[in-house]
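Trainee: As input, take input18.pdb (PDB, C-alpha atoms):
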MODEL        1
ATOM      1  CA  MET V1315      17.925  29.231  32.542
ATOM      2  CA  VAL V1316      16.693  25.707  31.751
ATOM      3  CA  SER V1317      20.119  24.396  30.744
ATOM      4  CA  ASN V1318      20.941  23.958  34.451
ATOM      5  CA  ILE V1319      17.960  21.681  35.072
ATOM      6  CA  THR V1320      18.632  17.949  35.220
ATOM      7  CA  HIS V1321      16.243  15.870  33.141
ATOM      8  CA  HIS V1322      15.192  12.442  34.288
ATOM      9  CA  GLU V1323      14.918   9.658  31.741
ATOM     10  CA  LEU V1324      12.962   6.521  32.519
ATOM     11  CA  PRO V1325      14.834   3.268  31.928
ATOM     12  CA  LEU V1326      13.738   1.513  28.759
ATOM     13  CA  PRO V1327      10.999  -1.055  29.347
ATOM     14  CA  ASP V1328      11.609  -4.786  29.065
ATOM     15  CA  PHE V1329       9.432  -6.784  26.690
ATOM     16  CA  ALA V1330       8.517 -10.475  26.808
ATOM     17  CA  ALA V1331       7.425 -10.434  23.137
ATOM     18  CA  PRO V1332       9.084  -8.665  20.196
ATOM     19  CA  VAL V1333       8.218  -5.021  19.519
ATOM     20  CA  ARG V1334       7.827  -3.639  15.997
ATOM     21  CA  LEU V1335       8.178   0.096  15.553
ATOM     22  CA  LEU V1336       7.800   2.197  12.442
ATOM     23  CA  ALA V1337       9.728   5.449  12.143
ATOM     24  CA  VAL V1338       7.981   7.953   9.890
ATOM     25  CA  VAL V1339      10.644  10.433   8.855
ATOM     26  CA  ALA V1340      10.114  13.814   7.206
ATOM     27  CA  ALA V1341      13.021  14.045   4.793
ATOM     28  CA  TYR V1342      12.805  17.824   4.251
ATOM     29  CA  TYR V1343      15.959  18.545   6.298
ATOM     30  CA  ARG V1344      17.959  15.414   5.406
ATOM     31  CA  GLU V1345      20.924  15.916   7.775
ATOM     32  CA  ILE V1346      18.655  16.540  10.756
ATOM     33  CA  ALA V1347      16.392  13.622   9.794
ATOM     34  CA  ASP V1348      19.387  11.280   9.544
ATOM     35  CA  ASP V1349      20.607  12.250  13.019
ATOM     36  CA  LEU V1350      17.122  11.856  14.517
ATOM     37  CA  LEU V1351      16.831   8.446  12.885
ATOM     38  CA  ALA V1352      20.249   7.346  14.155
ATOM     39  CA  GLY V1353      19.167   8.151  17.706
ATOM     40  CA  ALA V1354      15.855   6.328  17.266
ATOM     41  CA  ARG V1355      17.604   3.267  15.819
ATOM     42  CA  ALA V1356      20.026   3.076  18.745
ATOM     43  CA  THR V1357      17.254   3.355  21.329
ATOM     44  CA  ALA V1358      15.094   0.759  19.583
ATOM     45  CA  ALA V1359      18.056  -1.620  19.385
ATOM     46  CA  ALA V1360      18.831  -1.084  23.085
ATOM     47  CA  ALA V1361      15.279  -2.192  23.898
ATOM     48  CA  GLY V1362      15.435  -5.160  21.516
ATOM     49  CA  ALA V1363      12.801  -3.633  19.209
ATOM     50  CA  SER V1364      12.833  -3.728  15.432
ATOM     51  CA  LEU V1365      12.524  -0.402  13.615
ATOM     52  CA  ASP V1366      11.283  -0.054  10.060
ATOM     53  CA  VAL V1367      11.511   3.292   8.296
ATOM     54  CA  ILE V1368       9.402   5.160   5.767
ATOM     55  CA  GLU V1369       9.932   8.688   4.522
ATOM     56  CA  VAL V1370       7.436  11.428   3.811
ATOM     57  CA  PRO V1371       8.102  14.876   2.306
ATOM     58  CA  GLY V1372       7.535  16.982   5.423
ATOM     59  CA  ALA V1373       6.183  17.150   8.961
ATOM     60  CA  LEU V1374       2.579  17.708   7.887
ATOM     61  CA  GLU V1375       2.507  14.284   6.228
ATOM     62  CA  ILE V1376       3.735  12.392   9.314
ATOM     63  CA  PRO V1377       0.348  12.050  11.097
ATOM     64  CA  SER V1378      -1.369  10.897   7.899
ATOM     65  CA  ALA V1379       1.317   8.292   7.244
ATOM     66  CA  ILE V1380       1.095   7.007  10.821
ATOM     67  CA  GLY V1381      -2.707   6.843  10.584
ATOM     68  CA  ILE V1382      -2.481   4.837   7.356
ATOM     69  CA  ALA V1383       0.143   2.479   8.774
ATOM     70  CA  ALA V1384      -1.818   2.011  12.021
ATOM     71  CA  ARG V1385      -4.848   0.887  10.007
ATOM     72  CA  ARG V1386      -3.082  -1.187   7.357
ATOM     73  CA  ALA V1387       0.121  -2.568   8.871
ATOM     74  CA  ASP V1388       1.102  -4.503  11.976
ATOM     75  CA  TYR V1389       3.209  -2.209  14.165
ATOM     76  CA  ASP V1390       3.163  -1.866  17.924
ATOM     77  CA  GLY V1391       4.214   1.774  17.886
ATOM     78  CA  PHE V1392       5.409   4.680  15.814
ATOM     79  CA  VAL V1393       8.212   7.231  15.971
ATOM     80  CA  ALA V1394       7.514  10.596  14.317
ATOM     81  CA  LEU V1395      10.765  12.271  13.217
ATOM     82  CA  GLY V1396      11.173  15.586  11.464
ATOM     83  CA  CYS V1397      12.125  19.207  11.783
ATOM     84  CA  VAL V1398      10.317  22.497  11.324
ATOM     85  CA  VAL V1399      12.471  25.636  11.233
ATOM     86  CA  ARG V1400      10.854  29.034  11.721
ATOM     87  CA  GLY V1401      10.857  31.091   8.554
ATOM     88  CA  GLU V1402       9.553  34.470   7.523
ATOM     89  CA  THR V1403       5.870  33.496   7.306
ATOM     90  CA  THR V1404       3.224  31.987   9.572
ATOM     91  CA  HIS V1405       3.512  28.660   7.735
ATOM     92  CA  TYR V1406       5.794  27.536  10.598
ATOM     93  CA  ASP V1407       2.920  27.883  13.067
ATOM     94  CA  THR V1408       0.571  25.919  10.821
ATOM     95  CA  VAL V1409       3.029  23.058  10.344
ATOM     96  CA  CYS V1410       3.962  22.882  14.040
ATOM     97  CA  ASN V1411       0.397  23.075  15.306
ATOM     98  CA  ASP V1412      -1.224  20.780  12.763
ATOM     99  CA  SER V1413       1.423  18.047  12.887
ATOM    100  CA  SER V1414       1.317  18.066  16.689
ATOM    101  CA  ARG V1415      -2.486  18.078  16.747
ATOM    102  CA  GLY V1416      -2.605  15.186  14.271
ATOM    103  CA  LEU V1417      -0.257  13.104  16.392
ATOM    104  CA  THR V1418      -2.209  13.924  19.544
ATOM    105  CA  LEU V1419      -5.504  12.852  17.972
ATOM    106  CA  LEU V1420      -3.938   9.563  16.842
ATOM    107  CA  GLY V1421      -2.511   9.022  20.320
ATOM    108  CA  LEU V1422      -5.907   9.592  21.902
ATOM    109  CA  GLN V1423      -7.179   6.749  19.732
ATOM    110  CA  GLY V1424      -4.680   4.427  21.410
ATOM    111  CA  ILE V1425      -1.872   4.538  18.833
ATOM    112  CA  CYS V1426       1.532   4.507  20.533
ATOM    113  CA  ILE V1427       3.525   7.443  19.134
ATOM    114  CA  GLY V1428       6.756   9.082  20.196
ATOM    115  CA  ASN V1429       6.881  12.646  18.860
ATOM    116  CA  GLY V1430      10.338  13.584  17.613
ATOM    117  CA  ILE V1431       9.323  16.483  15.382
ATOM    118  CA  LEU V1432      11.676  19.317  16.276
ATOM    119  CA  THR V1433      10.277  22.853  16.212
ATOM    120  CA  VAL V1434      13.178  25.284  16.240
ATOM    121  CA  GLU V1435      14.154  28.854  15.460
ATOM    122  CA  ASN V1436      17.185  27.936  13.342
ATOM    123  CA  ILE V1437      19.082  24.980  11.936
ATOM    124  CA  GLU V1438      21.772  25.239  14.638
ATOM    125  CA  GLN V1439      19.168  24.513  17.322
ATOM    126  CA  ALA V1440      17.976  21.539  15.285
ATOM    127  CA  GLN V1441      21.510  20.144  14.973
ATOM    128  CA  VAL V1442      22.012  20.247  18.756
ATOM    129  CA  ARG V1443      18.676  18.545  19.439
ATOM    130  CA  ALA V1444      19.013  15.907  16.727
ATOM    131  CA  ASP V1445      22.608  14.880  17.530
ATOM    132  CA  PRO V1446      22.541  11.284  18.868
ATOM    133  CA  ALA V1447      25.555  12.132  21.046
ATOM    134  CA  GLY V1448      23.891  15.349  22.221
ATOM    135  CA  GLN V1449      20.257  15.879  23.164
ATOM    136  CA  ASN V1450      19.229  12.824  21.083
ATOM    137  CA  LYS V1451      15.592  13.802  20.552
ATOM    138  CA  GLY V1452      15.206  10.933  18.046
ATOM    139  CA  GLY V1453      16.176   8.467  20.760
ATOM    140  CA  GLY V1454      13.812  10.189  23.167
ATOM    141  CA  ALA V1455      10.940   9.816  20.707
ATOM    142  CA  ALA V1456      11.685   6.116  20.274
ATOM    143  CA  ALA V1457      11.806   5.701  24.063
ATOM    144  CA  ALA V1458       8.427   7.440  24.392
ATOM    145  CA  ALA V1459       6.891   5.087  21.831
ATOM    146  CA  LEU V1460       8.380   2.077  23.648
ATOM    147  CA  HIS V1461       6.958   3.228  26.987
ATOM    148  CA  LEU V1462       3.499   3.575  25.441
ATOM    149  CA  VAL V1463       3.789   0.101  23.882
ATOM    150  CA  ALA V1464       4.692  -1.260  27.318
ATOM    151  CA  LEU V1465       1.647   0.485  28.766
ATOM    152  CA  THR V1466      -0.691  -1.050  26.174
ATOM    153  CA  ARG V1467       0.750  -4.467  26.898
ATOM    154  CA  ARG V1468       0.174  -3.892  30.595
ATOM    155  CA  TRP V1469      -3.521  -3.258  29.897
ATOM    156  CA  PRO V1470      -4.214  -5.419  26.841
ATOM    157  CA  ALA V1471      -8.021  -5.210  26.804
ATOM    158  CA  SER V1472     -10.489  -2.446  27.488
ATOM    159  CA  ARG V1473     -12.956  -3.168  30.265
ATOM    160  CA  HIS V1474     -14.183   0.378  30.850
ATOM    161  CA  GLY V1475     -14.580   3.395  28.648
ATOM    162  CA  LEU V1476     -13.676   3.393  24.972
ATOM    163  CA  SER V1477     -12.432   0.351  23.145
ATOM    164  CA  ALA V1478     -10.193   0.535  20.081
ATOM    165  CA  GLY V1479     -13.135   0.338  17.681
ATOM    166  CA  ASP V1480     -15.351   2.948  19.334
ATOM    167  CA  PRO V1481     -15.899   6.126  17.339
ATOM    168  CA  ILE V1482     -14.612   9.416  18.638
ATOM    169  CA  ARG V1483     -16.909  12.324  17.855
ATOM    170  CA  LEU V1484     -14.943  15.352  16.691
ATOM    171  CA  ALA V1485     -18.043  17.431  15.977
ATOM    172  CA  GLY V1486     -21.544  16.954  14.687
ATOM    173  CA  ARG V1487     -23.807  13.930  14.861
ATOM    174  CA  LEU V1488     -22.808  10.497  16.179
ATOM    175  CA  ASP V1489     -24.306   8.824  13.116
ATOM    176  CA  GLY V1490     -23.241   9.189   9.513
ATOM    177  CA  ASP V1491     -20.002  10.578   8.154
ATOM    178  CA  ASP V1492     -19.083  12.766  11.125
ATOM    179  CA  LEU V1493     -17.185   9.994  12.942
ATOM    180  CA  ALA V1494     -13.426   9.806  13.267
TER
ENDMDL
END
Take the structure in this file and express it as structure tokens.
Mentor:
Amino acid sequence: MVSNITHHELPLPDFAAPVRLLAVVAAYYREIADDLLAGARATAAAAGASLDVIEVPGALEIPSAIGIAARRADYDGFVALGCVVRGETTHYDTVCNDSSRGLTLLGLQGICIGNGILTVENIEQAQVRADPAGQNKGGGAAAAALHLVALTRRWPASRHGLSAGDPIRLAGRLDGDDLA
């Protein structure tokens, strides 16, 4: 049983310059979202980072909102917060897989994202995971974003491989409209 396993948490990084984070919160399950956000706020404050907040309707909109903000705003990192509860249809699988895939693709482009989208069987599981005094998954997502920001500041310029402006081919030709 995994409940007997001790989890190790890295200490929060120290920053010489201010850090700006944006929490993108799916408001669909308001109580869960509020708890996730409370945990993220506390972790950001403990690291001396500022945390702005925007809301989107559900988890599927989180990657799009982060992609828009990464292109149009000036944030160092992002915290994705939301909850997907299994229902009677396969829509759960679509929302879980596509929101996770979207965040992963953004992360592979160098965007610093902490994923705090809960995927649970029932609302009771979500309450335990979202509780800032419990498992504090919102705080964990903020910490993940902060660690990635620290990593980008450690290596501020690309000398090898892809740079931030290089296209990533998802499929098709490398010229034209097939670029990400």
Trainee: Pick out the closest residue to Gly1452 of chain V from this set: V:Thr1404, V:Ser1413, V:Ser1378, V:Thr1357. Count only C-alpha atoms.
Mentor: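 Using only C-alpha atoms, the shortest distance to Gly1452 of chain V belongs to V:Thr1357.
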Trainee: Could you give me, as a list of chain:residue names, the residues that have an atom at most 9 Å away from the point (14.0, -4.4, 26.6) in the coordinates of the file, using only C-alpha atoms?
Mentor: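 Within the cut-off we find V:Leu1326, V:Pro1327, V:Asp1328, V:Phe1329, V:Ala1330, V:Ala1358, V:Ala1359, V:Ala1360, V:Ala1361, V:Gly1362, V:Ala1363.
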Trainee: List every residue of segment 1319-1403 of chain V that has an atom at most 7 Å from any atom of segment 1423-1444 of chain V, and for each one report the closest atom pair and its distance in Å to one decimal, counting only C-alpha atoms, with rows sorted by chain and then by increasing residue number, as CSV.
Mentor:
residue,atom,partner,partner_atom,distance
V:Ile1346,CA,V:Ala1444,CA,6.0
V:Asp1349,CA,V:Ala1444,CA,5.4
V:Leu1350,CA,V:Ala1444,CA,5.0
V:Gly1391,CA,V:Cys1426,CA,4.7
V:Phe1392,CA,V:Ile1427,CA,4.7
V:Val1393,CA,V:Gly1428,CA,4.8
V:Ala1394,CA,V:Asn1429,CA,5.0
V:Leu1395,CA,V:Gly1430,CA,4.6
V:Gly1396,CA,V:Ile1431,CA,4.4
V:Cys1397,CA,V:Leu1432,CA,4.5
V:Val1398,CA,V:Thr1433,CA,4.9
V:Val1399,CA,V:Val1434,CA,5.1
V:Arg1400,CA,V:Glu1435,CA,5.0
Trainee: Using Å and a single decimal, report how far atom CA of Pro1332 of chain V sits from atom CA of Gly1381 of chain V.
Mentor: 21.7 Å
Trainee: To one decimal in Å, tell me the separation between atom CA of Gly1353 of chain V and atom CA of Thr1408 of chain V.
Mentor: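 Straight-line distance from atom CA of Gly1353 of chain V to atom CA of Thr1408 of chain V works out to 26.6 Å.
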Trainee: Quick one, how far is atom CA of Ala1331 of chain V from atom CA of Ala1379 of chain V?
Mentor: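 Spanning atom CA of Ala1331 of chain V to atom CA of Ala1379 of chain V is a straight-line distance of 25.3 Å.
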Trainee: Calculated over all atoms listed in the file, which of the candidates V:Leu1351, V:Ala1356, V:Ile1319, V:Val1367 has the smallest distance to Val1338 of chain V?
Mentor: V:Val1367
Trainee: May I have the centre and edge lengths, in Å to one decimal, of an axis-aligned box around the listed atoms of segment 1374-1382 of chain V with 6 Å added to every side, as AutoDock Vina command-line options?
Mentor:
--center_x 0.5 --center_y 11.3 --center_z 8.7 --size_x 18.4 --size_y 24.9 --size_z 16.9
Trainee: Missing atoms in segment 1400-1411 of chain V should be modelled up to all heavy atoms and reported as a PDB file, in the coordinates of the input.
Mentor:
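Result file is out37.pdb:
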ATOM      1  N   ARG V1400      11.621  27.799  11.903  1.00  0.00           N
ATOM      2  CA  ARG V1400      10.854  29.034  11.721  1.00  0.00           C
ATOM      3  C   ARG V1400      11.406  29.810  10.532  1.00  0.00           C
ATOM      4  O   ARG V1400      12.599  29.968  10.375  1.00  0.00           O
ATOM      5  CB  ARG V1400      10.914  29.908  12.971  1.00  0.00           C
ATOM      6  CG  ARG V1400      10.011  31.140  12.856  1.00  0.00           C
ATOM      7  CD  ARG V1400      10.062  32.029  14.085  1.00  0.00           C
ATOM      8  NE  ARG V1400       9.632  31.377  15.291  1.00  0.00           N
ATOM      9  CZ  ARG V1400       8.354  31.210  15.673  1.00  0.00           C
ATOM     10  NH1 ARG V1400       7.380  31.616  14.878  1.00  0.00           N
ATOM     11  NH2 ARG V1400       8.063  30.632  16.808  1.00  0.00           N
ATOM     12  N   GLY V1401      10.488  30.274   9.705  1.00  0.00           N
ATOM     13  CA  GLY V1401      10.857  31.091   8.554  1.00  0.00           C
ATOM     14  C   GLY V1401      10.265  32.476   8.676  1.00  0.00           C
ATOM     15  O   GLY V1401       9.978  32.947   9.775  1.00  0.00           O
ATOM     16  N   GLU V1402      10.041  33.095   7.544  1.00  0.00           N
ATOM     17  CA  GLU V1402       9.553  34.470   7.523  1.00  0.00           C
ATOM     18  C   GLU V1402       8.031  34.576   7.523  1.00  0.00           C
ATOM     19  O   GLU V1402       7.493  35.672   7.643  1.00  0.00           O
ATOM     20  CB  GLU V1402      10.106  35.185   6.290  1.00  0.00           C
ATOM     21  CG  GLU V1402      11.616  35.293   6.311  1.00  0.00           C
ATOM     22  CD  GLU V1402      12.164  35.916   5.031  1.00  0.00           C
ATOM     23  OE1 GLU V1402      11.371  36.246   4.125  1.00  0.00           O
ATOM     24  OE2 GLU V1402      13.385  36.059   4.948  1.00  0.00           O
ATOM     25  N   THR V1403       7.334  33.455   7.382  1.00  0.00           N
ATOM     26  CA  THR V1403       5.870  33.496   7.306  1.00  0.00           C
ATOM     27  C   THR V1403       5.246  32.696   8.443  1.00  0.00           C
ATOM     28  O   THR V1403       5.943  32.007   9.200  1.00  0.00           O
ATOM     29  CB  THR V1403       5.376  32.911   5.966  1.00  0.00           C
ATOM     30  OG1 THR V1403       5.635  31.494   5.954  1.00  0.00           O
ATOM     31  CG2 THR V1403       6.073  33.573   4.781  1.00  0.00           C
ATOM     32  N   THR V1404       3.943  32.726   8.526  1.00  0.00           N
ATOM     33  CA  THR V1404       3.224  31.987   9.572  1.00  0.00           C
ATOM     34  C   THR V1404       3.063  30.509   9.230  1.00  0.00           C
ATOM     35  O   THR V1404       2.471  29.767  10.015  1.00  0.00           O
ATOM     36  CB  THR V1404       1.835  32.606   9.804  1.00  0.00           C
ATOM     37  OG1 THR V1404       1.111  32.576   8.575  1.00  0.00           O
ATOM     38  CG2 THR V1404       1.949  34.031  10.316  1.00  0.00           C
ATOM     39  N   HIS V1405       3.594  30.080   8.105  1.00  0.00           N
ATOM     40  CA  HIS V1405       3.512  28.660   7.735  1.00  0.00           C
ATOM     41  C   HIS V1405       4.126  27.779   8.829  1.00  0.00           C
ATOM     42  O   HIS V1405       3.640  26.678   9.092  1.00  0.00           O
ATOM     43  CB  HIS V1405       4.220  28.425   6.398  1.00  0.00           C
ATOM     44  CG  HIS V1405       4.111  27.024   5.901  1.00  0.00           C
ATOM     45  ND1 HIS V1405       2.909  26.451   5.538  1.00  0.00           N
ATOM     46  CD2 HIS V1405       5.053  26.062   5.712  1.00  0.00           C
ATOM     47  CE1 HIS V1405       3.120  25.208   5.150  1.00  0.00           C
ATOM     48  NE2 HIS V1405       4.406  24.951   5.253  1.00  0.00           N
ATOM     49  N   TYR V1406       5.166  28.255   9.489  1.00  0.00           N
ATOM     50  CA  TYR V1406       5.794  27.536  10.598  1.00  0.00           C
ATOM     51  C   TYR V1406       4.756  27.162  11.652  1.00  0.00           C
ATOM     52  O   TYR V1406       4.701  26.023  12.117  1.00  0.00           O
ATOM     53  CB  TYR V1406       6.892  28.415  11.207  1.00  0.00           C
ATOM     54  CG  TYR V1406       7.465  27.926  12.512  1.00  0.00           C
ATOM     55  CD1 TYR V1406       8.519  27.024  12.526  1.00  0.00           C
ATOM     56  CD2 TYR V1406       6.970  28.382  13.730  1.00  0.00           C
ATOM     57  CE1 TYR V1406       9.069  26.579  13.727  1.00  0.00           C
ATOM     58  CE2 TYR V1406       7.505  27.949  14.924  1.00  0.00           C
ATOM     59  CZ  TYR V1406       8.552  27.046  14.922  1.00  0.00           C
ATOM     60  OH  TYR V1406       9.093  26.602  16.100  1.00  0.00           O
ATOM     61  N   ASP V1407       3.931  28.131  12.039  1.00  0.00           N
ATOM     62  CA  ASP V1407       2.920  27.883  13.067  1.00  0.00           C
ATOM     63  C   ASP V1407       1.918  26.827  12.617  1.00  0.00           C
ATOM     64  O   ASP V1407       1.526  25.958  13.392  1.00  0.00           O
ATOM     65  CB  ASP V1407       2.184  29.180  13.416  1.00  0.00           C
ATOM     66  CG  ASP V1407       3.115  30.222  14.014  1.00  0.00           C
ATOM     67  OD1 ASP V1407       3.951  29.854  14.860  1.00  0.00           O
ATOM     68  OD2 ASP V1407       3.008  31.395  13.620  1.00  0.00           O
ATOM     69  N   THR V1408       1.510  26.901  11.361  1.00  0.00           N
ATOM     70  CA  THR V1408       0.571  25.919  10.821  1.00  0.00           C
ATOM     71  C   THR V1408       1.175  24.519  10.863  1.00  0.00           C
ATOM     72  O   THR V1408       0.534  23.573  11.334  1.00  0.00           O
ATOM     73  CB  THR V1408       0.183  26.278   9.375  1.00  0.00           C
ATOM     74  OG1 THR V1408      -0.465  27.548   9.388  1.00  0.00           O
ATOM     75  CG2 THR V1408      -0.734  25.234   8.770  1.00  0.00           C
ATOM     76  N   VAL V1409       2.396  24.377  10.392  1.00  0.00           N
ATOM     77  CA  VAL V1409       3.029  23.058  10.344  1.00  0.00           C
ATOM     78  C   VAL V1409       3.240  22.514  11.754  1.00  0.00           C
ATOM     79  O   VAL V1409       2.936  21.346  12.025  1.00  0.00           O
ATOM     80  CB  VAL V1409       4.355  23.112   9.559  1.00  0.00           C
ATOM     81  CG1 VAL V1409       5.080  21.766   9.623  1.00  0.00           C
ATOM     82  CG2 VAL V1409       4.105  23.518   8.109  1.00  0.00           C
ATOM     83  N   CYS V1410       3.743  23.334  12.654  1.00  0.00           N
ATOM     84  CA  CYS V1410       3.962  22.882  14.040  1.00  0.00           C
ATOM     85  C   CYS V1410       2.656  22.464  14.700  1.00  0.00           C
ATOM     86  O   CYS V1410       2.552  21.374  15.275  1.00  0.00           O
ATOM     87  CB  CYS V1410       4.616  23.980  14.869  1.00  0.00           C
ATOM     88  SG  CYS V1410       6.281  24.404  14.392  1.00  0.00           S
ATOM     89  N   ASN V1411       1.659  23.341  14.629  1.00  0.00           N
ATOM     90  CA  ASN V1411       0.397  23.075  15.306  1.00  0.00           C
ATOM     91  C   ASN V1411      -0.347  21.888  14.708  1.00  0.00           C
ATOM     92  O   ASN V1411      -0.857  21.032  15.439  1.00  0.00           O
ATOM     93  CB  ASN V1411      -0.492  24.324  15.282  1.00  0.00           C
ATOM     94  CG  ASN V1411       0.072  25.443  16.118  1.00  0.00           C
ATOM     95  OD1 ASN V1411       0.815  25.225  17.069  1.00  0.00           O
ATOM     96  ND2 ASN V1411      -0.266  26.668  15.755  1.00  0.00           N
TER      97      ASN V1411
END
